[in-house]
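**Q** Provided below: final07.cif, containing mmCIF, C-alpha atoms.
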```cif
data_protein
loop_
_atom_site.group_PDB
_atom_site.id
_atom_site.type_symbol
_atom_site.label_atom_id
_atom_site.label_comp_id
_atom_site.auth_asym_id
_atom_site.auth_seq_id
_atom_site.Cartn_x
_atom_site.Cartn_y
_atom_site.Cartn_z
ATOM 1 C CA MET A 1347 -13.281 -54.638 -35.541
ATOM 2 C CA ASN A 1348 -16.511 -56.599 -36.032
ATOM 3 C CA GLU A 1349 -19.522 -56.813 -33.725
ATOM 4 C CA ASN A 1350 -18.176 -59.841 -31.832
ATOM 5 C CA ASP A 1351 -14.858 -58.137 -31.112
ATOM 6 C CA ARG A 1352 -16.678 -55.050 -29.911
ATOM 7 C CA ASN A 1353 -18.840 -57.084 -27.532
ATOM 8 C CA ARG A 1354 -15.805 -58.961 -26.282
ATOM 9 C CA MET A 1355 -13.965 -55.695 -25.646
ATOM 10 C CA LYS A 1356 -16.955 -54.298 -23.795
ATOM 11 C CA GLU A 1357 -17.181 -57.404 -21.632
ATOM 12 C CA LEU A 1358 -13.460 -57.262 -20.777
ATOM 13 C CA LEU A 1359 -13.636 -53.571 -19.890
ATOM 14 C CA GLN A 1360 -16.647 -54.121 -17.649
ATOM 15 C CA LYS A 1361 -14.819 -56.890 -15.836
ATOM 16 C CA ALA A 1362 -11.631 -54.844 -15.417
ATOM 17 C CA LEU A 1363 -13.297 -51.664 -14.078
ATOM 18 C CA PRO A 1364 -15.420 -51.972 -10.943
ATOM 19 C CA PRO A 1365 -18.887 -50.408 -11.235
ATOM 20 C CA MET A 1366 -19.484 -46.932 -9.702
ATOM 21 C CA GLU A 1367 -21.471 -47.039 -6.483
ATOM 22 C CA GLY A 1368 -23.448 -43.858 -7.037
ATOM 23 C CA GLU A 1369 -22.382 -40.270 -6.166
ATOM 24 C CA PRO A 1370 -20.787 -39.230 -2.839
ATOM 25 C CA GLU A 1371 -23.257 -38.249 -0.148
ATOM 26 C CA ARG A 1372 -22.030 -34.616 0.017
ATOM 27 C CA ASP A 1373 -20.101 -32.138 -2.132
ATOM 28 C CA LEU A 1374 -16.403 -32.683 -1.417
ATOM 29 C CA TRP A 1375 -15.078 -29.632 -3.258
ATOM 30 C CA PRO A 1376 -15.613 -27.028 -0.426
ATOM 31 C CA ALA A 1377 -13.707 -29.273 1.988
ATOM 32 C CA MET A 1378 -10.944 -29.574 -0.581
ATOM 33 C CA LEU A 1379 -10.776 -25.774 -0.937
ATOM 34 C CA ARG A 1380 -10.614 -25.349 2.862
ATOM 35 C CA ARG A 1381 -7.766 -27.810 3.005
ATOM 36 C CA LEU A 1382 -5.856 -26.045 0.240
ATOM 37 C CA ASP A 1383 -6.373 -22.658 1.946
ATOM 38 C CA ALA A 1384 -5.244 -24.004 5.303
ATOM 39 C CA SER A 1385 -2.063 -25.463 3.867
ATOM 40 C CA SER A 1386 -1.118 -22.358 1.897
ATOM 41 C CA ALA A 1387 -2.239 -19.579 4.288
ATOM 42 C CA ALA A 1388 -0.185 -20.442 7.358
ATOM 43 C CA PRO A 1389 3.337 -19.941 5.948
ATOM 44 C CA ARG A 1390 2.231 -16.741 4.170
ATOM 45 C CA ILE A 1391 0.944 -15.205 7.413
ATOM 46 C CA ILE A 1392 4.076 -16.167 9.317
ATOM 47 C CA ASN A 1393 6.515 -14.827 6.713
ATOM 48 C CA ARG A 1394 4.894 -11.614 5.575
ATOM 49 C CA THR A 1395 3.193 -10.417 8.734
ATOM 50 C CA TRP A 1396 6.355 -10.943 10.724
ATOM 51 C CA LEU A 1397 8.269 -8.674 8.335
ATOM 52 C CA ASP A 1398 5.555 -6.014 8.334
ATOM 53 C CA TRP A 1399 5.378 -5.952 12.126
ATOM 54 C CA ALA A 1400 9.152 -5.584 12.250
ATOM 55 C CA LEU A 1401 9.000 -2.672 9.804
ATOM 56 C CA LEU A 1402 6.245 -1.024 11.831
ATOM 57 C CA ALA A 1403 8.249 -1.439 15.035
ATOM 58 C CA GLY A 1404 11.248 0.142 13.317
ATOM 59 C CA LEU A 1405 9.114 3.081 12.234
ATOM 60 C CA VAL A 1406 7.752 3.641 15.722
ATOM 61 C CA ALA A 1407 11.273 3.508 17.141
ATOM 62 C CA TYR A 1408 12.481 5.997 14.516
ATOM 63 C CA ALA A 1409 9.611 8.390 15.276
ATOM 64 C CA ALA A 1410 10.271 8.100 19.014
ATOM 65 C CA LEU A 1411 13.991 8.784 18.590
ATOM 66 C CA PHE A 1412 13.565 11.630 16.096
ATOM 67 C CA PRO A 1413 10.158 13.260 16.697
ATOM 68 C CA ALA A 1414 11.100 16.252 14.538
ATOM 69 C CA SER A 1415 10.706 13.980 11.523
ATOM 70 C CA ILE A 1416 6.982 13.320 12.189
ATOM 71 C CA PRO A 1417 5.739 16.625 10.665
ATOM 72 C CA VAL A 1418 7.919 15.934 7.627
ATOM 73 C CA PHE A 1419 6.259 12.501 7.188
ATOM 74 C CA LEU A 1420 2.843 14.150 7.526
ATOM 75 C CA TYR A 1421 3.849 16.714 4.901
ATOM 76 C CA TYR A 1422 4.358 13.858 2.421
ATOM 77 C CA LEU A 1423 1.086 12.104 3.301
ATOM 78 C CA MET B 1123 -18.662 -4.151 -11.313
ATOM 79 C CA ASN B 1124 -16.360 -3.714 -14.312
ATOM 80 C CA THR B 1125 -17.230 -0.154 -15.275
ATOM 81 C CA HIS B 1126 -14.811 2.743 -14.895
ATOM 82 C CA PRO B 1127 -12.007 0.817 -13.152
ATOM 83 C CA TYR B 1128 -9.551 3.717 -13.464
ATOM 84 C CA LEU B 1129 -11.977 6.111 -11.800
ATOM 85 C CA ARG B 1130 -12.356 3.644 -8.945
ATOM 86 C CA ALA B 1131 -8.574 3.264 -8.737
ATOM 87 C CA TYR B 1132 -8.192 7.049 -8.525
ATOM 88 C CA LEU B 1133 -10.799 7.287 -5.767
ATOM 89 C CA ALA B 1134 -9.168 4.460 -3.812
ATOM 90 C CA GLY B 1135 -5.815 6.233 -4.165
ATOM 91 C CA VAL B 1136 -6.964 9.671 -3.001
ATOM 92 C CA PHE B 1137 -8.883 8.260 -0.022
ATOM 93 C CA LEU B 1138 -6.086 8.229 2.560
ATOM 94 C CA PRO B 1139 -4.472 11.635 1.823
ATOM 95 C CA THR B 1140 -7.941 13.198 1.766
ATOM 96 C CA LEU B 1141 -8.654 11.627 5.147
ATOM 97 C CA VAL B 1142 -5.334 12.701 6.655
ATOM 98 C CA LEU B 1143 -5.437 16.276 5.327
ATOM 99 C CA PRO B 1144 -8.030 17.715 7.779
ATOM 100 C CA LEU B 1145 -6.175 16.066 10.669
ATOM 101 C CA LEU B 1146 -2.937 17.574 9.426
ATOM 102 C CA LEU B 1147 -4.622 20.959 9.117
ATOM 103 C CA ALA B 1148 -5.923 20.652 12.676
ATOM 104 C CA VAL B 1149 -2.425 19.810 13.962
ATOM 105 C CA PHE B 1150 -0.899 22.791 12.147
ATOM 106 C CA ILE B 1151 -3.611 25.146 13.456
ATOM 107 C CA VAL B 1152 -3.123 23.946 17.025
ATOM 108 C CA VAL B 1153 0.640 24.325 16.721
ATOM 109 C CA ARG B 1154 0.355 27.812 15.289
ATOM 110 C CA ILE B 1155 -2.559 29.322 17.239
ATOM 111 C CA VAL B 1156 -2.516 27.450 20.549
ATOM 112 C CA LEU B 1157 1.199 26.807 20.924
ATOM 113 C CA GLN B 1158 2.139 30.086 19.167
ATOM 114 C CA VAL B 1159 4.790 28.441 16.970
ATOM 115 C CA PRO B 1160 5.273 30.571 13.832
ATOM 116 C CA VAL B 1161 4.614 27.797 11.280
ATOM 117 C CA PRO B 1162 3.997 29.051 7.712
ATOM 118 C CA ILE B 1163 0.760 27.095 7.478
ATOM 119 C CA GLU B 1164 -0.505 28.512 4.179
ATOM 120 C CA GLN B 1165 2.651 27.546 2.316
ATOM 121 C CA ALA B 1166 3.041 24.246 4.154
ATOM 122 C CA MET B 1167 -0.420 23.043 3.161
ATOM 123 C CA ILE B 1168 -0.039 23.565 -0.592
ATOM 124 C CA PHE B 1169 1.873 20.343 -1.320
ATOM 125 C CA PRO B 1170 -0.184 18.005 0.934
ATOM 126 C CA MET B 1171 -3.432 19.559 -0.294
ATOM 127 C CA ALA B 1172 -2.838 20.006 -4.017
ATOM 128 C CA VAL B 1173 -0.228 17.445 -5.020
ATOM 129 C CA VAL B 1174 -0.226 14.442 -2.667
ATOM 130 C CA PRO B 1175 -3.854 13.256 -3.152
ATOM 131 C CA SER B 1176 -3.613 13.584 -6.935
ATOM 132 C CA LEU B 1177 -0.310 11.715 -7.004
ATOM 133 C CA PHE B 1178 -1.776 8.901 -4.878
ATOM 134 C CA GLY B 1179 -4.764 8.611 -7.218
ATOM 135 C CA LEU B 1180 -2.673 8.678 -10.384
ATOM 136 C CA TRP B 1181 -0.182 6.197 -8.902
ATOM 137 C CA ASN B 1182 -2.998 3.785 -8.130
ATOM 138 C CA MET B 1183 -4.298 4.176 -11.686
ATOM 139 C CA LEU B 1184 -0.797 3.366 -12.911
ATOM 140 C CA TYR B 1185 -0.778 0.291 -10.657
ATOM 141 C CA LEU B 1186 -4.025 -0.906 -12.211
ATOM 142 C CA ALA B 1187 -2.738 -0.279 -15.724
ATOM 143 C CA SER B 1188 0.670 -1.852 -15.223
ATOM 144 C CA HIS B 1189 -0.054 -4.734 -12.855
ATOM 145 C CA GLU B 1190 -0.942 -7.134 -15.641
ATOM 146 C CA TRP B 1191 2.604 -7.101 -17.027
ATOM 147 C CA THR B 1192 4.717 -6.018 -14.018
ATOM 148 C CA HIS B 1193 3.058 -8.303 -11.419
ATOM 149 C CA LEU B 1194 4.555 -5.968 -8.800
ATOM 150 C CA PRO B 1195 2.931 -6.297 -5.336
ATOM 151 C CA ILE B 1196 0.996 -3.167 -4.410
ATOM 152 C CA GLY B 1197 3.220 -2.514 -1.378
ATOM 153 C CA LEU B 1198 6.334 -2.339 -3.523
ATOM 154 C CA HIS B 1199 4.530 -0.256 -6.125
ATOM 155 C CA GLY B 1200 3.636 2.225 -3.374
ATOM 156 C CA ALA B 1201 7.172 2.183 -1.977
ATOM 157 C CA ILE B 1202 8.432 3.519 -5.321
ATOM 158 C CA LEU B 1203 6.288 6.653 -4.998
ATOM 159 C CA PRO B 1204 8.603 8.474 -2.505
ATOM 160 C CA LEU B 1205 11.333 8.362 -5.142
ATOM 161 C CA LEU B 1206 9.109 10.698 -7.152
ATOM 162 C CA MET B 1207 7.504 12.618 -4.312
ATOM 163 C CA ALA B 1208 10.585 13.401 -2.219
ATOM 164 C CA PRO B 1209 12.325 15.628 -4.799
ATOM 165 C CA VAL B 1210 9.045 17.226 -5.914
ATOM 166 C CA GLY B 1211 7.974 17.906 -2.326
ATOM 167 C CA ALA B 1212 11.392 19.245 -1.347
ATOM 168 C CA THR B 1213 11.460 21.534 -4.400
ATOM 169 C CA VAL B 1214 7.989 22.907 -3.671
ATOM 170 C CA ALA B 1215 8.872 23.322 0.012
ATOM 171 C CA THR B 1216 12.088 25.161 -0.833
ATOM 172 C CA CYS B 1217 10.325 27.487 -3.269
ATOM 173 C CA LEU B 1218 7.676 28.303 -0.654
ATOM 174 C CA HIS B 1219 10.255 28.766 2.163
ATOM 175 C CA VAL B 1220 8.813 25.816 4.081
ATOM 176 C CA LEU B 1221 12.180 24.080 3.817
ATOM 177 C CA GLU B 1222 15.481 25.822 4.373
ATOM 178 C CA PHE B 1223 18.978 24.423 4.325
ATOM 179 C CA GLY B 1224 21.248 25.380 7.224
ATOM 180 C CA SER B 1225 24.859 24.530 7.964
ATOM 181 C CA HIS B 1226 24.006 21.462 10.058
ATOM 182 C CA GLY B 1227 20.737 20.321 8.553
ATOM 183 C CA GLU B 1228 17.378 21.091 7.055
ATOM 184 C CA ILE B 1229 14.841 23.283 8.837
ATOM 185 C CA TRP B 1230 11.239 22.344 8.042
ATOM 186 C CA PHE B 1231 8.340 24.724 8.711
ATOM 187 C CA GLN B 1232 10.839 27.200 10.245
ATOM 188 C CA ALA B 1233 10.594 25.095 13.418
ATOM 189 C CA CYS B 1234 11.707 21.480 12.869
ATOM 190 C CA PRO B 1235 15.451 20.995 12.431
ATOM 191 C CA VAL B 1236 16.429 17.715 10.754
ATOM 192 C CA PRO B 1237 20.190 16.996 10.672
ATOM 193 C CA TYR B 1238 21.668 16.004 7.318
ATOM 194 C CA ALA B 1239 22.694 12.660 8.827
ATOM 195 C CA LEU B 1240 19.018 11.805 9.254
ATOM 196 C CA ILE B 1241 18.006 12.380 5.646
ATOM 197 C CA ALA B 1242 18.949 8.892 4.428
ATOM 198 C CA PRO B 1243 17.365 7.031 7.394
ATOM 199 C CA GLY B 1244 14.341 9.317 7.093
ATOM 200 C CA PHE B 1245 14.000 8.457 3.425
ATOM 201 C CA LEU B 1246 14.178 4.732 4.246
ATOM 202 C CA ALA B 1247 11.516 5.272 6.904
ATOM 203 C CA ALA B 1248 9.378 7.039 4.295
ATOM 204 C CA LEU B 1249 9.745 4.024 2.000
ATOM 205 C CA VAL B 1250 8.534 1.796 4.843
ATOM 206 C CA VAL B 1251 5.593 4.105 5.584
ATOM 207 C CA TYR B 1252 4.542 4.068 1.951
ATOM 208 C CA TYR B 1253 5.037 0.296 1.672
ATOM 209 C CA LEU B 1254 2.766 -0.365 4.643
ATOM 210 C CA VAL B 1255 0.182 2.260 3.667
ATOM 211 C CA TRP B 1256 -0.108 0.944 0.128
ATOM 212 C CA LYS B 1257 -0.077 -2.696 1.094
ATOM 213 C CA TYR B 1258 -2.684 -2.509 3.810
ATOM 214 C CA ILE B 1259 -4.806 0.605 3.197
ATOM 215 C CA VAL B 1260 -4.769 1.205 -0.561
ATOM 216 C CA GLY B 1261 -4.726 -2.565 -1.181
ATOM 217 C CA PHE B 1262 -7.782 -2.970 1.048
ATOM 218 C CA LEU B 1263 -9.571 -0.104 -0.722
ATOM 219 C CA ASN B 1264 -8.770 -1.630 -4.100
ATOM 220 C CA ARG B 1265 -10.307 -4.914 -2.958
ATOM 221 C CA VAL B 1266 -13.380 -3.070 -1.692
ATOM 222 C CA GLN B 1267 -13.678 -1.329 -5.061
ATOM 223 C CA GLY B 1268 -13.341 -4.654 -6.861
ATOM 224 C CA ILE B 1269 -10.163 -3.736 -8.753
ATOM 225 C CA ALA B 1270 -7.537 -5.681 -6.775
#
```
Take the structure I supplied and represent it as structure tokens, if you would.
**A**
Amino acid sequence: MNENDRNRMKELLQKALPPMEGEPERDLWPAMLRRLDASSAAPRIINRTWLDWALLAGLVAYAALFPASIPVFLYYL
Amino acid sequence: MNTHPYLRAYLAGVFLPTLVLPLLLAVFIVVRIVLQVPVPIEQAMIFPMAVVPSLFGLWNMLYLASHEWTHLPIGLHGAILPLLMAPVGATVATCLHVLEFGSHGEIWFQACPVPYALIAPGFLAALVVYYLVWKYIVGFLNRVQGIA
């Protein structure tokens, strides 16, 4: 590739790609992170917290039905 | 803060049993002195005082050491601990006459009868207690200590 070919290639590339119009006015990455967190956090909270609340409710019901077991639980804690 | 991670894991592990122990002691003292229930308090306190905090600390150290290759959630890791603690605790309790076996069920602390039919549900409940405690309390402490 000689000098003329190189110049021609450069000219074609500059025509094909539009010029950059400077940097964005603000940093977009924090907004991107917030969006990723919002999309991933909601299903996790719904699935896991629901199960944990159900387990806790079961425990409370068990302790209410069989209070003699409470000292035994405390013995193991 | 990357120094002494296993020491921090041990401290995070022993936190809850150490916090619960004085409350447990207070409950036992009230039951024995105020309510006049003949609970063998000296024998009953040996396992919660000497074994449980150490086991929690060591189990949390094991979690830190093994998490890289097991990828087990901390709640499930904690829920495995009763499989080890239940037989050890029952053996210690039997040796110290805190636990006795009757014809219809166990008698804990010479005052709390637990029918044999309730042992399996009780063990499942213990798994749930440990799962929740490890997931929310020990997990939180590990995050505070910077080792989660």
**Q** When you draw a straight line from CA of Val1251 (chain B) to CA of Ile1229 (chain B), how long is it in Å?
**A** 21.5 Å
**Q** Given the file above and the PyMOL selection byres ((chain B) within 6 of (chain A)), which residues are selected, and can you give them as number ranges by chain?
**A** B: 1139, 1170, 1234
**Q** If I take CA of Glu1190 (chain B) and CA of Arg1265 (chain B), how far is one from the other in Å, to one decimal?
**A**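 Distance reported for this atom pair: 15.9 Å.
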**Q** Quick one: pull the distance between CA of Gly1211 (chain B) and CA of Phe1169 (chain B), Å, one decimal.
**A**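 Computed distance, CA of Gly1211 (chain B) to CA of Phe1169 (chain B), equals 6.6 Å.
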**Q** Find, counting only C-alpha atoms, the residue in B:Pro1243, B:Pro1127, B:Gly1200, B:Ala1270 that gets nearest to Leu1411 (chain A).
**A**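 The closest residue to Leu1411 (chain A) is B:Pro1243.
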**Q** Got a sec: who's within 12 Å of Tyr1238 (chain B), counting all atoms listed in the file, leaving out chain neighbours fewer than 2 positions off, as a ChimeraX atom specification?
**A** /A:1415 /B:1222-1229,1235-1236,1240-1245
